[in-house]
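Worksheet: one structure, shown below.
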Amino acid sequence: MPESLNPPDPPLSDGVIALRAFRADDAPAITAACQDPEIQRRIPIIPVPYTEADARRFILMTLQAWHDGTSCEFAIVDPATDQYLGSVGLHLGPNPRRHAIGYLVAPWARRRGVATRAVQLVARWGFERFGIQRLALWTLPGNVASQGVAERAGFRFEAVARNWEVDRGDGPVDAVMFTMTPDDVAELALPADRPDGEQVAPSIAEVPRELRASGTRVAPFVDIVAAVELAPGSMRRVTLAGLDLLVAWTPGGIVVTDDRCPHMAAPLSIGSLDGGVVACPLHEGRFDLCTGETVQMPTTGGLDADGRYHSPWSPSGAQIKPEPASKKLEARRLTRVNRLRYYPARIRDGRLEAQLPILPE
Ligand code: FES
């Protein structure tokens, strides 16, 4: 008979998210999150349509599961505001080799590394608390976002389990199975110190898959830097085999991209980082490191990533510069500011690694 369980006190937190038990007043936020078509498509057990009564039933079920010792269900919240960001649950099996983890992230909390952080926090705690020997995480085959979360959180791809899940019509569907063992947990990076003395575990940002740098799909993971050399809110240049990389730790997690402005190739590492936005040292260009989008076009104007023309502009208070000679003007007009491209990254054994399209020595 499983023993009754209590949520950890103080609540699990890495300074960016916190995990606590569900409360009755979470129902409206859970209801809002579960209207999301992606959640409804990817998680077949979620009722459609989803009402506040469903959310209340879910909350009661999670509290009962703690009491029965069958599952540890957490609300993922912002530690400063207590805003609901998602759900994560550790489902306890009949023995230490049969536990599993599942989660969802509310649409308003995506692309900030919330799922990766939550899964890592629960996994670390669960391995220690329950002596877990094998923790499973599975997704439907098309759910590449969740598969990315599994890899970034330190799980390893194991297999495609045939007919493992059921769809909404109760028909069998395959599942992509990832697992974590105590050895994998030992390889997770240790938390880094923050200026306020708190510790934050490094995690990898979720970046758009379509913005992977070319050649990275089949590239090997290459060692970049020790995770302890990185700090939240900082960025640095790392040069490897002729590639100048920008490694930046944004509020959404760590990204690895080229240390080259997508406008005229100035090194972004000598610009400034404000949250997730990097400001180029030249021409006032500003770029979102988590979405790859241009936040502010350079003063020279030019074409954006979709080919739309933007006129030159001057920062307020600055003297308006005379127009350059016609060739230079033409070059500026035709220069396209593309979206940033990313090198998929992970943290292994306390080191940041990224898939780089370089030949091994
Ligand atoms: S080189 Fe960065 S904005 Fe021009």
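The way I read the labels, and the way they are meant: chains A, B, ... in the order of the structure tokens, residue 1 as the first residue of every chain, and ligand 1 as the first ligand shown, with later ones counted on from there.
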Collect all residues with atoms no farther than 12 Å from ligand 1, counting only C-alpha atoms and all ligand atoms, and output them as a PyMOL selection string.
chain A and resi 259-272+278-287+294-302+304+312+332+335-338+340
Produce a file of the selected residues containing C-alpha atoms, as an mmCIF file, in the first residue's frame.
```
data_model
loop_
_atom_site.group_PDB
_atom_site.id
_atom_site.type_symbol
_atom_site.label_atom_id
_atom_site.label_comp_id
_atom_site.auth_asym_id
_atom_site.auth_seq_id
_atom_site.Cartn_x
_atom_site.Cartn_y
_atom_site.Cartn_z
ATOM 1 C CA ASP A 259 28.510 35.818 -32.792
ATOM 2 C CA ARG A 260 27.606 37.857 -35.831
ATOM 3 C CA CYS A 261 24.946 40.500 -36.163
ATOM 4 C CA PRO A 262 22.380 39.376 -38.740
ATOM 5 C CA HIS A 263 22.713 42.843 -40.278
ATOM 6 C CA MET A 264 26.359 43.527 -41.102
ATOM 7 C CA ALA A 265 28.118 40.853 -39.037
ATOM 8 C CA ALA A 266 29.362 42.944 -36.089
ATOM 9 C CA PRO A 267 30.187 40.724 -33.064
ATOM 10 C CA LEU A 268 27.085 40.685 -30.881
ATOM 11 C CA SER A 269 29.149 39.613 -27.866
ATOM 12 C CA ILE A 270 30.444 43.186 -27.467
ATOM 13 C CA GLY A 271 26.918 44.568 -27.574
ATOM 14 C CA SER A 272 24.609 44.393 -24.589
ATOM 15 C CA VAL A 278 20.768 41.561 -27.627
ATOM 16 C CA ALA A 279 21.682 45.039 -28.844
ATOM 17 C CA CYS A 280 24.295 45.187 -31.605
ATOM 18 C CA PRO A 281 27.236 47.557 -31.002
ATOM 19 C CA LEU A 282 26.600 49.075 -34.466
ATOM 20 C CA HIS A 283 23.523 50.669 -36.047
ATOM 21 C CA GLU A 284 21.200 50.148 -33.032
ATOM 22 C CA GLY A 285 19.912 46.770 -34.267
ATOM 23 C CA ARG A 286 18.194 44.731 -31.538
ATOM 24 C CA PHE A 287 17.423 41.017 -31.794
ATOM 25 C CA THR A 294 14.493 41.515 -35.152
ATOM 26 C CA VAL A 295 13.115 43.725 -32.399
ATOM 27 C CA GLN A 296 14.526 46.949 -33.840
ATOM 28 C CA MET A 297 15.780 47.427 -37.385
ATOM 29 C CA PRO A 298 19.247 49.022 -37.760
ATOM 30 C CA THR A 299 19.427 52.785 -38.283
ATOM 31 C CA THR A 300 20.575 52.138 -41.848
ATOM 32 C CA GLY A 301 17.210 50.583 -42.739
ATOM 33 C CA GLY A 302 17.086 47.786 -45.292
ATOM 34 C CA ASP A 304 13.668 42.553 -42.957
ATOM 35 C CA PRO A 312 16.747 54.538 -42.330
ATOM 36 C CA ARG A 332 22.156 49.426 -47.336
ATOM 37 C CA THR A 335 20.891 44.362 -47.077
ATOM 38 C CA ARG A 336 18.533 41.844 -45.533
ATOM 39 C CA VAL A 337 18.396 41.351 -41.768
ATOM 40 C CA ASN A 338 17.673 37.664 -41.475
ATOM 41 C CA LEU A 340 19.122 34.417 -36.075
#
```
Can you check which residues of region 203-353 of chain A DSSP gives as alpha helix (DSSP H) on the backbone and send them as a list in words?
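So the alpha helix (DSSP H) residues in region 203-353 of chain A would be Ser326, Lys327, Lys328, Leu329, Glu330, Ala331, Arg332, Arg333 and Leu334 of chain A.
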Please produce a file of the residues just selected, as a JSON list (two decimals), in the first residue's frame, where the atoms kept are N, CA and C atoms.
```json
[["chain", "number", "residue", "atom", "x", "y", "z"],
["A", 326, "SER", "N", 25.88, 56.88, -53.54],
["A", 326, "SER", "CA", 24.79, 56.06, -54.06],
["A", 326, "SER", "C", 25.03, 54.56, -53.95],
["A", 327, "LYS", "N", 26.28, 54.07, -54.17],
["A", 327, "LYS", "CA", 26.53, 52.62, -54.07],
["A", 327, "LYS", "C", 26.28, 52.15, -52.64],
["A", 328, "LYS", "N", 26.78, 52.93, -51.69],
["A", 328, "LYS", "CA", 26.62, 52.55, -50.28],
["A", 328, "LYS", "C", 25.13, 52.57, -49.91],
["A", 329, "LEU", "N", 24.45, 53.57, -50.42],
["A", 329, "LEU", "CA", 23.01, 53.69, -50.16],
["A", 329, "LEU", "C", 22.28, 52.46, -50.70],
["A", 330, "GLU", "N", 22.67, 52.07, -51.91],
["A", 330, "GLU", "CA", 22.04, 50.91, -52.55],
["A", 330, "GLU", "C", 22.32, 49.63, -51.73],
["A", 331, "ALA", "N", 23.59, 49.52, -51.26],
["A", 331, "ALA", "CA", 23.95, 48.33, -50.48],
["A", 331, "ALA", "C", 23.12, 48.27, -49.20],
["A", 332, "ARG", "N", 22.96, 49.41, -48.57],
["A", 332, "ARG", "CA", 22.16, 49.43, -47.34],
["A", 332, "ARG", "C", 20.71, 49.05, -47.63],
["A", 333, "ARG", "N", 20.19, 49.57, -48.73],
["A", 333, "ARG", "CA", 18.79, 49.33, -49.08],
["A", 333, "ARG", "C", 18.53, 47.83, -49.34],
["A", 334, "LEU", "N", 19.56, 47.16, -49.89],
["A", 334, "LEU", "CA", 19.37, 45.76, -50.27],
["A", 334, "LEU", "C", 19.85, 44.77, -49.21]]
```
Rank A:Gly253, A:Pro172, A:Gly102, A:Pro107 by their smallest atom-to-atom distance to Trp138 (chain A), using only C-alpha atoms, and report the top residue only.
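Closest to Trp138 (chain A), using only C-alpha atoms: A:Gly102.
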Hey, what's within 9 Å of Asp184 (chain A) if we count only C-alpha atoms and toss same-chain stuff fewer than 4 positions away? As a ChimeraX atom specification, please?
/A:154-156,180,188,348-349
Close residues, region 74-84 of chain A itself excluded, 7 Å, only C-alpha atoms, min 6 positions apart in chain, as a list in words
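Selected residues are Val16, Ile17, Ala18, Leu19, Arg20, Ala21, Phe22 and Ala29 of chain A.
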When you look at Asp167 (chain A) with a cut-off of 10 Å (counting only C-alpha atoms), what residues show up, excluding the ones that are within fewer than 6 positions of it in the same chain? I need them as a list in words.
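Here the answer would be Arg41, Arg42, Ile43, Pro44, Ile45, Leu140, Val173 and Asp174 of chain A.
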Out of region 31-88 of chain A, which residues get strand (DSSP E or B) from DSSP, as a PyMOL selection string?
chain A and resi 71-77+84-88
Can you list, as a list in words, every protein, DNA or RNA residue that comes within 10 Å of Arg23 (chain A) when you count only C-alpha atoms, leaving out same-chain residues fewer than 5 positions away?
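Counting only the stated atoms, we get Arg56, Ile59, Leu60, Thr62, Leu63, Phe74 and Ala75 of chain A.
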Which is closer to Ala109 (chain A) than all the others in A:Glu151, A:Gly252, A:Ser234, A:Leu356, using only C-alpha atoms?
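Closest to Ala109 (chain A) of all the choices is A:Gly252.
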How many Å separate CA of Arg97 (chain A) from CA of Val166 (chain A)?
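Spanning CA of Arg97 (chain A) to CA of Val166 (chain A) is a straight-line distance of 22.3 Å.
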